[in-house]
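Asks: One structure, as structure tokens, below. Some questions next.
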Amino acid sequence: MDARSGSAPSKIPEAGLNSGGRKMPLLGLGTAASPPVPPEATKLAVLEAIELGYRHFDTAALYGTEEPLGDAVSEALSRGLIKSREELFITSKLWCSDAHSGLVLPALQKSLKNLKLDYIDLYLIHWPVSSKPGTYEFPIKKEEFLPMDFKAVWAEMEECQTKGLTKSIGVSNFSCKKISEILATAQVPPAVNQVEFNPLWQQKKLKEFCRDHKILLTAYAALGAKGTIWGSNRVLECEQLKEIAEARGKTVAQICLRWAFEQGVSALAKSFNKERMKENLKIFEWELTEEENKKISEIPQSRGCLGEDYISVYGPFKTIEELWDGEM
């Protein structure tokens, strides 16, 4: 029971993954903040989210939020908010400078140390590009980009899973073509591809490809990532979505998250505001109508997160088209 509200936290529907035996809650809390917030703010937000019923938390080596997330998990256990660590689903990501043969396992071990955990539930390759080892900075210097050895890096991701340091492995920001390159040599296929996904960028081709290969699509920027350097308010300000929300007495965020859920996608919402976190959970008791879905399907499509920071004349991707293999 949530002592303050007097009601049990909502149970979020889950989806099975193609390996690792874990189920992923289909709504999670993102912890990437740009500009970064103090660690204490992240920790408090995660604790509030756990009290509200969130069980899926997304972090990355780059975000600087692994430690406060780990602190929140420790406190949630000691306060009895959760009975065991197994109740949570925790994702972290391999940064570009660690995406090299011999560096993947140590990178995950470092993340586990930050999180104060023995294992995570999902480990993702953050971007399909490597950079000069030993540097952790964003944006990456243009001359420090390197092509990723997909075969070697993925083999080490598989080793992380075999050793039990992560239950499942996957990718992020990968096109159909780049996933195919991983699949060509993989013993274990990616369980997840985490990408930008929202009503203004519906990723129809990628969604179908991932479904055909039993790869779960996870949405970042599900609400447009307003307030981050890579996001904007274009999703929350979209007229078609505002009309649907107004007619239904819902928030635009609820419409976006419900839509993603109905698409069979797991979504991450980044809000450290308790009321919005609570609102974002209220998407499982109602459905969008056929007409509303049609209206959403007709929204003009364009990528919001272009990935310009990963384009370099010195690196493997010299244009945005090359980064996304023309999936524009």
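Note on naming: chains are A, B, ... as they come in the structure tokens, residues start from 1 per chain, ligands start from 1 in the order shown.
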If you run DSSP over the backbone, which residues in region 29-262 of chain A end up helix (DSSP H, G or I)? Put them as number ranges by chain.
Replies: A: 39-52, 66-78, 85-87, 96-98, 104-115, 142-144, 150-162, 176-185, 204-212, 239-248, 252-262
Asks: Hey, what's within 12 Å of Leu77 (chain A) if we count only C-alpha atoms and toss same-chain stuff fewer than 6 positions away? As a list in words, please?
Replies: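 The residues that qualify are Leu47, Ile50, Glu51, Gly70, Asp71, Lys83, Ser84, Arg85, Glu86, Glu87 and Leu88 of chain A.
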Asks: Have a look at A:Thr91, A:Gln263, A:Thr319, A:Gln240 and name the one nearest to Glu292 (chain A); count only C-alpha atoms.
Replies: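 For Glu292 (chain A), the nearest of the given residues is A:Gln240.
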Asks: If you run DSSP on the backbone here, which positions in region 74-248 of chain A get strand (DSSP E or B)? Please write them as number ranges by chain.
Replies: A: 89-94, 120-125, 130-131, 145-146, 166-172, 192-196, 198, 201, 216-220
Asks: For Ile179 (chain A), please output as a PDB file with N, CA and C atoms, in the first residue's frame all residues within 10 Å (counting only C-alpha atoms; exclusion window: fewer than 4 positions along the same chain).
Replies:
```pdb
ATOM      1  N   PRO A 128      25.386   3.425 -32.547  1.00  0.00           N
ATOM      2  CA  PRO A 128      26.112   2.465 -33.400  1.00  0.00           C
ATOM      3  C   PRO A 128      27.467   2.977 -33.890  1.00  0.00           C
ATOM      4  N   PHE A 150      31.112  -4.183 -34.992  1.00  0.00           N
ATOM      5  CA  PHE A 150      29.866  -4.755 -34.475  1.00  0.00           C
ATOM      6  C   PHE A 150      30.037  -6.195 -33.989  1.00  0.00           C
ATOM      7  N   GLY A 170      20.838  -5.496 -25.787  1.00  0.00           N
ATOM      8  CA  GLY A 170      20.153  -4.889 -26.914  1.00  0.00           C
ATOM      9  C   GLY A 170      20.924  -3.709 -27.462  1.00  0.00           C
ATOM     10  N   VAL A 171      20.236  -2.929 -28.281  1.00  0.00           N
ATOM     11  CA  VAL A 171      20.860  -1.796 -28.964  1.00  0.00           C
ATOM     12  C   VAL A 171      19.979  -0.557 -28.816  1.00  0.00           C
ATOM     13  N   SER A 172      20.533   0.571 -29.218  1.00  0.00           N
ATOM     14  CA  SER A 172      19.796   1.832 -29.181  1.00  0.00           C
ATOM     15  C   SER A 172      20.226   2.669 -30.383  1.00  0.00           C
ATOM     16  N   ASN A 173      19.280   3.325 -31.013  1.00  0.00           N
ATOM     17  CA  ASN A 173      19.560   4.171 -32.186  1.00  0.00           C
ATOM     18  C   ASN A 173      20.115   3.367 -33.366  1.00  0.00           C
ATOM     19  N   PHE A 174      19.661   2.141 -33.513  1.00  0.00           N
ATOM     20  CA  PHE A 174      20.088   1.286 -34.625  1.00  0.00           C
ATOM     21  C   PHE A 174      19.000   1.246 -35.698  1.00  0.00           C
ATOM     22  N   SER A 175      19.414   1.395 -36.956  1.00  0.00           N
ATOM     23  CA  SER A 175      18.512   1.273 -38.101  1.00  0.00           C
ATOM     24  C   SER A 175      18.288  -0.207 -38.417  1.00  0.00           C
ATOM     25  N   LEU A 183      22.699  -9.051 -36.368  1.00  0.00           N
ATOM     26  CA  LEU A 183      22.065 -10.369 -36.484  1.00  0.00           C
ATOM     27  C   LEU A 183      22.909 -11.350 -37.311  1.00  0.00           C
ATOM     28  N   ALA A 184      23.689 -10.815 -38.245  1.00  0.00           N
ATOM     29  CA  ALA A 184      24.494 -11.666 -39.134  1.00  0.00           C
ATOM     30  C   ALA A 184      25.506 -12.514 -38.370  1.00  0.00           C
ATOM     31  N   PRO A 189      20.259 -12.737 -30.331  1.00  0.00           N
ATOM     32  CA  PRO A 189      19.814 -11.522 -31.003  1.00  0.00           C
ATOM     33  C   PRO A 189      19.522 -10.404 -29.993  1.00  0.00           C
ATOM     34  N   PRO A 190      19.572  -9.140 -30.415  1.00  0.00           N
ATOM     35  CA  PRO A 190      19.187  -8.055 -29.502  1.00  0.00           C
ATOM     36  C   PRO A 190      17.747  -8.265 -29.009  1.00  0.00           C
ATOM     37  N   ASN A 193      15.479  -2.625 -29.121  1.00  0.00           N
ATOM     38  CA  ASN A 193      16.087  -1.489 -29.817  1.00  0.00           C
ATOM     39  C   ASN A 193      15.401  -0.236 -29.280  1.00  0.00           C
ATOM     40  N   LEU A 206      10.858   0.481 -39.188  1.00  0.00           N
ATOM     41  CA  LEU A 206      11.683  -0.106 -38.123  1.00  0.00           C
ATOM     42  C   LEU A 206      10.829  -0.944 -37.173  1.00  0.00           C
ATOM     43  N   PHE A 209      10.144  -4.224 -38.829  1.00  0.00           N
ATOM     44  CA  PHE A 209      11.380  -5.018 -38.867  1.00  0.00           C
ATOM     45  C   PHE A 209      11.652  -5.639 -37.499  1.00  0.00           C
ATOM     46  N   CYS A 210      11.541  -4.832 -36.459  1.00  0.00           N
ATOM     47  CA  CYS A 210      11.809  -5.333 -35.101  1.00  0.00           C
ATOM     48  C   CYS A 210      10.779  -6.388 -34.701  1.00  0.00           C
ATOM     49  N   HIS A 213      11.587  -9.683 -36.143  1.00  0.00           N
ATOM     50  CA  HIS A 213      12.761 -10.327 -35.532  1.00  0.00           C
ATOM     51  C   HIS A 213      12.613 -10.481 -34.016  1.00  0.00           C
ATOM     52  N   ILE A 215      12.204  -8.360 -31.710  1.00  0.00           N
ATOM     53  CA  ILE A 215      12.956  -7.348 -30.948  1.00  0.00           C
ATOM     54  C   ILE A 215      11.946  -6.322 -30.447  1.00  0.00           C
TER      55      ILE A 215
END
```
Asks: I'd like to know which of A:Leu17, A:Ile12, A:Thr59, A:Ala152 is closest to Arg211 (chain A), using only C-alpha atoms.
Replies: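 Under the stated criterion, the closest residue is A:Leu17.
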Asks: Counting only C-alpha atoms, which residue out of A:Ile283, A:Val129, A:Ala225, A:Cys238 sits closest to Asp309 (chain A)?
Replies: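 Among A:Ile283, A:Val129, A:Ala225, A:Cys238, it is A:Val129 that comes nearest to Asp309 (chain A).
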Asks: For each of A:Asp118, A:Glu66, A:Glu196, A:Asp149, take the minimum atom-to-atom distance to Ala269 (chain A), counting only C-alpha atoms, then give the residue where this is smallest.
Replies: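 Between A:Asp118, A:Glu66, A:Glu196, A:Asp149, the residue approaching Ala269 (chain A) most closely is A:Glu196.
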Asks: Near region 161-163 of chain A, within 12 Å and counting only C-alpha atoms, which residues show up once chain neighbours fewer than 4 positions away are dropped, as a PDB file with all heavy atoms, in the first residue's frame?
Replies:
```pdb
ATOM      1  N   SER A  19      15.161 -13.082 -24.952  1.00  0.00           N
ATOM      2  CA  SER A  19      16.170 -13.869 -24.221  1.00  0.00           C
ATOM      3  C   SER A  19      16.307 -13.302 -22.820  1.00  0.00           C
ATOM      4  O   SER A  19      15.938 -12.166 -22.563  1.00  0.00           O
ATOM      5  CB  SER A  19      17.525 -13.833 -24.929  1.00  0.00           C
ATOM      6  OG  SER A  19      18.119 -12.564 -24.789  1.00  0.00           O
ATOM      7  N   GLY A  20      16.820 -14.106 -21.916  1.00  0.00           N
ATOM      8  CA  GLY A  20      17.076 -13.616 -20.553  1.00  0.00           C
ATOM      9  C   GLY A  20      15.975 -13.914 -19.567  1.00  0.00           C
ATOM     10  O   GLY A  20      16.166 -13.801 -18.357  1.00  0.00           O
ATOM     11  N   GLY A  21      14.785 -14.245 -20.064  1.00  0.00           N
ATOM     12  CA  GLY A  21      13.705 -14.677 -19.178  1.00  0.00           C
ATOM     13  C   GLY A  21      13.019 -13.608 -18.350  1.00  0.00           C
ATOM     14  O   GLY A  21      12.142 -13.901 -17.549  1.00  0.00           O
ATOM     15  N   VAL A 104      34.093  -3.739 -23.112  1.00  0.00           N
ATOM     16  CA  VAL A 104      32.650  -3.832 -22.829  1.00  0.00           C
ATOM     17  C   VAL A 104      32.390  -4.360 -21.421  1.00  0.00           C
ATOM     18  O   VAL A 104      31.641  -3.752 -20.642  1.00  0.00           O
ATOM     19  CB  VAL A 104      31.939  -4.710 -23.889  1.00  0.00           C
ATOM     20  CG1 VAL A 104      30.440  -4.818 -23.575  1.00  0.00           C
ATOM     21  CG2 VAL A 104      32.148  -4.135 -25.295  1.00  0.00           C
ATOM     22  N   LEU A 105      33.019  -5.467 -21.078  1.00  0.00           N
ATOM     23  CA  LEU A 105      32.822  -6.072 -19.758  1.00  0.00           C
ATOM     24  C   LEU A 105      33.245  -5.122 -18.632  1.00  0.00           C
ATOM     25  O   LEU A 105      32.477  -4.889 -17.687  1.00  0.00           O
ATOM     26  CB  LEU A 105      33.589  -7.402 -19.679  1.00  0.00           C
ATOM     27  CG  LEU A 105      33.199  -8.373 -18.576  1.00  0.00           C
ATOM     28  CD1 LEU A 105      31.786  -8.891 -18.761  1.00  0.00           C
ATOM     29  CD2 LEU A 105      34.182  -9.549 -18.543  1.00  0.00           C
ATOM     30  N   LEU A 108      30.561  -2.426 -18.165  1.00  0.00           N
ATOM     31  CA  LEU A 108      29.371  -2.881 -17.435  1.00  0.00           C
ATOM     32  C   LEU A 108      29.689  -3.063 -15.951  1.00  0.00           C
ATOM     33  O   LEU A 108      28.884  -2.690 -15.094  1.00  0.00           O
ATOM     34  CB  LEU A 108      28.834  -4.185 -18.038  1.00  0.00           C
ATOM     35  CG  LEU A 108      27.632  -4.816 -17.304  1.00  0.00           C
ATOM     36  CD1 LEU A 108      26.498  -3.826 -17.065  1.00  0.00           C
ATOM     37  CD2 LEU A 108      27.113  -6.032 -18.066  1.00  0.00           C
ATOM     38  N   GLN A 109      30.861  -3.578 -15.652  1.00  0.00           N
ATOM     39  CA  GLN A 109      31.242  -3.740 -14.239  1.00  0.00           C
ATOM     40  C   GLN A 109      31.284  -2.391 -13.522  1.00  0.00           C
ATOM     41  O   GLN A 109      30.867  -2.266 -12.368  1.00  0.00           O
ATOM     42  CB  GLN A 109      32.589  -4.470 -14.139  1.00  0.00           C
ATOM     43  CG  GLN A 109      32.457  -5.954 -14.466  1.00  0.00           C
ATOM     44  CD  GLN A 109      33.786  -6.662 -14.692  1.00  0.00           C
ATOM     45  OE1 GLN A 109      34.757  -6.058 -15.158  1.00  0.00           O
ATOM     46  NE2 GLN A 109      33.846  -7.940 -14.376  1.00  0.00           N
ATOM     47  N   ASP A 118      24.319  -6.321  -8.479  1.00  0.00           N
ATOM     48  CA  ASP A 118      25.065  -7.486  -8.980  1.00  0.00           C
ATOM     49  C   ASP A 118      24.802  -7.705 -10.463  1.00  0.00           C
ATOM     50  O   ASP A 118      25.593  -8.335 -11.160  1.00  0.00           O
ATOM     51  CB  ASP A 118      24.650  -8.761  -8.224  1.00  0.00           C
ATOM     52  CG  ASP A 118      24.988  -8.664  -6.747  1.00  0.00           C
ATOM     53  OD1 ASP A 118      26.000  -7.999  -6.421  1.00  0.00           O
ATOM     54  OD2 ASP A 118      24.240  -9.222  -5.917  1.00  0.00           O
ATOM     55  N   TYR A 119      23.638  -7.250 -10.918  1.00  0.00           N
ATOM     56  CA  TYR A 119      23.287  -7.396 -12.331  1.00  0.00           C
ATOM     57  C   TYR A 119      22.292  -6.298 -12.717  1.00  0.00           C
ATOM     58  O   TYR A 119      21.644  -5.705 -11.840  1.00  0.00           O
ATOM     59  CB  TYR A 119      22.649  -8.781 -12.603  1.00  0.00           C
ATOM     60  CG  TYR A 119      21.255  -8.930 -12.029  1.00  0.00           C
ATOM     61  CD1 TYR A 119      20.125  -8.587 -12.791  1.00  0.00           C
ATOM     62  CD2 TYR A 119      21.044  -9.388 -10.726  1.00  0.00           C
ATOM     63  CE1 TYR A 119      18.846  -8.691 -12.259  1.00  0.00           C
ATOM     64  CE2 TYR A 119      19.770  -9.490 -10.192  1.00  0.00           C
ATOM     65  CZ  TYR A 119      18.664  -9.143 -10.966  1.00  0.00           C
ATOM     66  OH  TYR A 119      17.394  -9.235 -10.438  1.00  0.00           O
ATOM     67  N   ILE A 120      22.200  -6.035 -14.017  1.00  0.00           N
ATOM     68  CA  ILE A 120      21.109  -5.205 -14.519  1.00  0.00           C
ATOM     69  C   ILE A 120      20.227  -6.082 -15.396  1.00  0.00           C
ATOM     70  O   ILE A 120      20.598  -7.211 -15.746  1.00  0.00           O
ATOM     71  CB  ILE A 120      21.600  -3.951 -15.289  1.00  0.00           C
ATOM     72  CG1 ILE A 120      22.555  -4.324 -16.431  1.00  0.00           C
ATOM     73  CG2 ILE A 120      22.207  -2.934 -14.339  1.00  0.00           C
ATOM     74  CD1 ILE A 120      22.935  -3.138 -17.318  1.00  0.00           C
ATOM     75  N   ASP A 121      19.074  -5.582 -15.752  1.00  0.00           N
ATOM     76  CA  ASP A 121      18.131  -6.379 -16.531  1.00  0.00           C
ATOM     77  C   ASP A 121      18.368  -6.241 -18.031  1.00  0.00           C
ATOM     78  O   ASP A 121      18.046  -7.149 -18.788  1.00  0.00           O
ATOM     79  CB  ASP A 121      16.702  -5.954 -16.173  1.00  0.00           C
ATOM     80  CG  ASP A 121      16.436  -6.187 -14.700  1.00  0.00           C
ATOM     81  OD1 ASP A 121      16.140  -7.336 -14.340  1.00  0.00           O
ATOM     82  OD2 ASP A 121      16.592  -5.245 -13.898  1.00  0.00           O
ATOM     83  N   LEU A 122      18.926  -5.105 -18.437  1.00  0.00           N
ATOM     84  CA  LEU A 122      19.137  -4.869 -19.864  1.00  0.00           C
ATOM     85  C   LEU A 122      20.337  -3.952 -20.056  1.00  0.00           C
ATOM     86  O   LEU A 122      20.447  -2.917 -19.394  1.00  0.00           O
ATOM     87  CB  LEU A 122      17.877  -4.227 -20.461  1.00  0.00           C
ATOM     88  CG  LEU A 122      17.875  -3.883 -21.948  1.00  0.00           C
ATOM     89  CD1 LEU A 122      18.001  -5.137 -22.815  1.00  0.00           C
ATOM     90  CD2 LEU A 122      16.606  -3.123 -22.324  1.00  0.00           C
ATOM     91  N   TYR A 123      21.221  -4.348 -20.974  1.00  0.00           N
ATOM     92  CA  TYR A 123      22.395  -3.530 -21.307  1.00  0.00           C
ATOM     93  C   TYR A 123      22.342  -3.253 -22.805  1.00  0.00           C
ATOM     94  O   TYR A 123      22.224  -4.190 -23.611  1.00  0.00           O
ATOM     95  CB  TYR A 123      23.680  -4.278 -20.944  1.00  0.00           C
ATOM     96  CG  TYR A 123      24.916  -3.408 -20.854  1.00  0.00           C
ATOM     97  CD1 TYR A 123      24.881  -2.147 -20.260  1.00  0.00           C
ATOM     98  CD2 TYR A 123      26.148  -3.865 -21.338  1.00  0.00           C
ATOM     99  CE1 TYR A 123      26.018  -1.365 -20.152  1.00  0.00           C
ATOM    100  CE2 TYR A 123      27.306  -3.090 -21.224  1.00  0.00           C
ATOM    101  CZ  TYR A 123      27.234  -1.832 -20.633  1.00  0.00           C
ATOM    102  OH  TYR A 123      28.359  -1.054 -20.521  1.00  0.00           O
ATOM    103  N   LEU A 124      22.402  -1.978 -23.155  1.00  0.00           N
ATOM    104  CA  LEU A 124      22.255  -1.567 -24.553  1.00  0.00           C
ATOM    105  C   LEU A 124      23.530  -0.907 -25.081  1.00  0.00           C
ATOM    106  O   LEU A 124      24.213  -0.194 -24.346  1.00  0.00           O
ATOM    107  CB  LEU A 124      21.116  -0.539 -24.696  1.00  0.00           C
ATOM    108  CG  LEU A 124      19.722  -0.930 -24.196  1.00  0.00           C
ATOM    109  CD1 LEU A 124      18.756   0.254 -24.364  1.00  0.00           C
ATOM    110  CD2 LEU A 124      19.190  -2.148 -24.933  1.00  0.00           C
ATOM    111  N   TRP A 154      29.480  -6.924 -30.120  1.00  0.00           N
ATOM    112  CA  TRP A 154      28.290  -7.719 -29.784  1.00  0.00           C
ATOM    113  C   TRP A 154      28.682  -9.028 -29.081  1.00  0.00           C
ATOM    114  O   TRP A 154      28.001  -9.464 -28.145  1.00  0.00           O
ATOM    115  CB  TRP A 154      27.431  -7.992 -31.012  1.00  0.00           C
ATOM    116  CG  TRP A 154      26.112  -8.594 -30.599  1.00  0.00           C
ATOM    117  CD1 TRP A 154      25.704  -9.877 -30.741  1.00  0.00           C
ATOM    118  CD2 TRP A 154      25.065  -7.917 -29.884  1.00  0.00           C
ATOM    119  NE1 TRP A 154      24.459 -10.067 -30.179  1.00  0.00           N
ATOM    120  CE2 TRP A 154      24.039  -8.872 -29.642  1.00  0.00           C
ATOM    121  CE3 TRP A 154      24.878  -6.609 -29.427  1.00  0.00           C
ATOM    122  CZ2 TRP A 154      22.862  -8.548 -28.967  1.00  0.00           C
ATOM    123  CZ3 TRP A 154      23.698  -6.300 -28.751  1.00  0.00           C
ATOM    124  CH2 TRP A 154      22.713  -7.257 -28.529  1.00  0.00           C
ATOM    125  N   ALA A 155      29.787  -9.642 -29.515  1.00  0.00           N
ATOM    126  CA  ALA A 155      30.254 -10.878 -28.861  1.00  0.00           C
ATOM    127  C   ALA A 155      30.540 -10.610 -27.377  1.00  0.00           C
ATOM    128  O   ALA A 155      30.252 -11.447 -26.515  1.00  0.00           O
ATOM    129  CB  ALA A 155      31.504 -11.408 -29.561  1.00  0.00           C
ATOM    130  N   GLU A 156      31.065  -9.430 -27.068  1.00  0.00           N
ATOM    131  CA  GLU A 156      31.340  -9.096 -25.657  1.00  0.00           C
ATOM    132  C   GLU A 156      30.047  -8.761 -24.896  1.00  0.00           C
ATOM    133  O   GLU A 156      29.949  -9.019 -23.694  1.00  0.00           O
ATOM    134  CB  GLU A 156      32.359  -7.961 -25.575  1.00  0.00           C
ATOM    135  CG  GLU A 156      33.720  -8.427 -26.063  1.00  0.00           C
ATOM    136  CD  GLU A 156      34.875  -7.541 -25.641  1.00  0.00           C
ATOM    137  OE1 GLU A 156      34.695  -6.651 -24.782  1.00  0.00           O
ATOM    138  OE2 GLU A 156      35.984  -7.763 -26.176  1.00  0.00           O
ATOM    139  N   MET A 157      29.065  -8.191 -25.604  1.00  0.00           N
ATOM    140  CA  MET A 157      27.748  -7.984 -24.978  1.00  0.00           C
ATOM    141  C   MET A 157      27.167  -9.351 -24.604  1.00  0.00           C
ATOM    142  O   MET A 157      26.631  -9.536 -23.504  1.00  0.00           O
ATOM    143  CB  MET A 157      26.806  -7.257 -25.947  1.00  0.00           C
ATOM    144  CG  MET A 157      27.196  -5.822 -26.269  1.00  0.00           C
ATOM    145  SD  MET A 157      26.914  -4.639 -24.913  1.00  0.00           S
ATOM    146  CE  MET A 157      25.123  -4.445 -24.975  1.00  0.00           C
ATOM    147  N   LYS A 167      20.736  -9.455 -17.664  1.00  0.00           N
ATOM    148  CA  LYS A 167      19.807 -10.533 -18.038  1.00  0.00           C
ATOM    149  C   LYS A 167      19.581 -10.548 -19.550  1.00  0.00           C
ATOM    150  O   LYS A 167      19.428 -11.607 -20.147  1.00  0.00           O
ATOM    151  CB  LYS A 167      18.468 -10.337 -17.318  1.00  0.00           C
ATOM    152  CG  LYS A 167      18.550 -10.404 -15.804  1.00  0.00           C
ATOM    153  CD  LYS A 167      18.881 -11.802 -15.310  1.00  0.00           C
ATOM    154  CE  LYS A 167      18.860 -11.879 -13.795  1.00  0.00           C
ATOM    155  NZ  LYS A 167      19.309 -13.176 -13.288  1.00  0.00           N
ATOM    156  N   SER A 168      19.517  -9.350 -20.154  1.00  0.00           N
ATOM    157  CA  SER A 168      19.290  -9.245 -21.596  1.00  0.00           C
ATOM    158  C   SER A 168      20.205  -8.184 -22.180  1.00  0.00           C
ATOM    159  O   SER A 168      20.730  -7.332 -21.452  1.00  0.00           O
ATOM    160  CB  SER A 168      17.823  -8.877 -21.888  1.00  0.00           C
ATOM    161  OG  SER A 168      16.954  -9.887 -21.420  1.00  0.00           O
ATOM    162  N   ILE A 169      20.375  -8.245 -23.504  1.00  0.00           N
ATOM    163  CA  ILE A 169      21.227  -7.269 -24.194  1.00  0.00           C
ATOM    164  C   ILE A 169      20.476  -6.720 -25.406  1.00  0.00           C
ATOM    165  O   ILE A 169      19.591  -7.386 -25.965  1.00  0.00           O
ATOM    166  CB  ILE A 169      22.577  -7.898 -24.632  1.00  0.00           C
ATOM    167  CG1 ILE A 169      22.363  -9.232 -25.374  1.00  0.00           C
ATOM    168  CG2 ILE A 169      23.491  -8.091 -23.429  1.00  0.00           C
ATOM    169  CD1 ILE A 169      23.643  -9.882 -25.903  1.00  0.00           C
ATOM    170  N   GLY A 170      20.838  -5.496 -25.787  1.00  0.00           N
ATOM    171  CA  GLY A 170      20.153  -4.889 -26.914  1.00  0.00           C
ATOM    172  C   GLY A 170      20.924  -3.709 -27.462  1.00  0.00           C
ATOM    173  O   GLY A 170      22.103  -3.512 -27.156  1.00  0.00           O
ATOM    174  N   GLN A 187      25.014 -14.718 -31.748  1.00  0.00           N
ATOM    175  CA  GLN A 187      24.524 -15.974 -31.171  1.00  0.00           C
ATOM    176  C   GLN A 187      23.202 -15.698 -30.454  1.00  0.00           C
ATOM    177  O   GLN A 187      22.285 -16.507 -30.471  1.00  0.00           O
ATOM    178  CB  GLN A 187      25.536 -16.521 -30.142  1.00  0.00           C
ATOM    179  CG  GLN A 187      26.929 -16.793 -30.701  1.00  0.00           C
ATOM    180  CD  GLN A 187      26.944 -17.889 -31.728  1.00  0.00           C
ATOM    181  OE1 GLN A 187      26.412 -18.966 -31.497  1.00  0.00           O
ATOM    182  NE2 GLN A 187      27.524 -17.619 -32.892  1.00  0.00           N
ATOM    183  N   VAL A 188      23.155 -14.517 -29.816  1.00  0.00           N
ATOM    184  CA  VAL A 188      21.949 -14.059 -29.106  1.00  0.00           C
ATOM    185  C   VAL A 188      21.489 -12.780 -29.808  1.00  0.00           C
ATOM    186  O   VAL A 188      22.253 -11.816 -29.883  1.00  0.00           O
ATOM    187  CB  VAL A 188      22.264 -13.741 -27.618  1.00  0.00           C
ATOM    188  CG1 VAL A 188      21.023 -13.223 -26.897  1.00  0.00           C
ATOM    189  CG2 VAL A 188      22.834 -14.957 -26.919  1.00  0.00           C
ATOM    190  N   PRO A 189      20.259 -12.737 -30.331  1.00  0.00           N
ATOM    191  CA  PRO A 189      19.814 -11.522 -31.003  1.00  0.00           C
ATOM    192  C   PRO A 189      19.522 -10.404 -29.993  1.00  0.00           C
ATOM    193  O   PRO A 189      19.262 -10.687 -28.820  1.00  0.00           O
ATOM    194  CB  PRO A 189      18.520 -11.952 -31.701  1.00  0.00           C
ATOM    195  CG  PRO A 189      18.014 -13.098 -30.899  1.00  0.00           C
ATOM    196  CD  PRO A 189      19.224 -13.790 -30.325  1.00  0.00           C
ATOM    197  N   PRO A 190      19.572  -9.140 -30.415  1.00  0.00           N
ATOM    198  CA  PRO A 190      19.187  -8.055 -29.502  1.00  0.00           C
ATOM    199  C   PRO A 190      17.747  -8.265 -29.009  1.00  0.00           C
ATOM    200  O   PRO A 190      16.876  -8.646 -29.800  1.00  0.00           O
ATOM    201  CB  PRO A 190      19.280  -6.796 -30.375  1.00  0.00           C
ATOM    202  CG  PRO A 190      20.161  -7.174 -31.526  1.00  0.00           C
ATOM    203  CD  PRO A 190      19.942  -8.641 -31.753  1.00  0.00           C
ATOM    204  N   ALA A 191      17.525  -8.025 -27.723  1.00  0.00           N
ATOM    205  CA  ALA A 191      16.180  -8.159 -27.154  1.00  0.00           C
ATOM    206  C   ALA A 191      15.375  -6.879 -27.378  1.00  0.00           C
ATOM    207  O   ALA A 191      14.148  -6.913 -27.460  1.00  0.00           O
ATOM    208  CB  ALA A 191      16.276  -8.465 -25.660  1.00  0.00           C
TER     209      ALA A 191
END
```
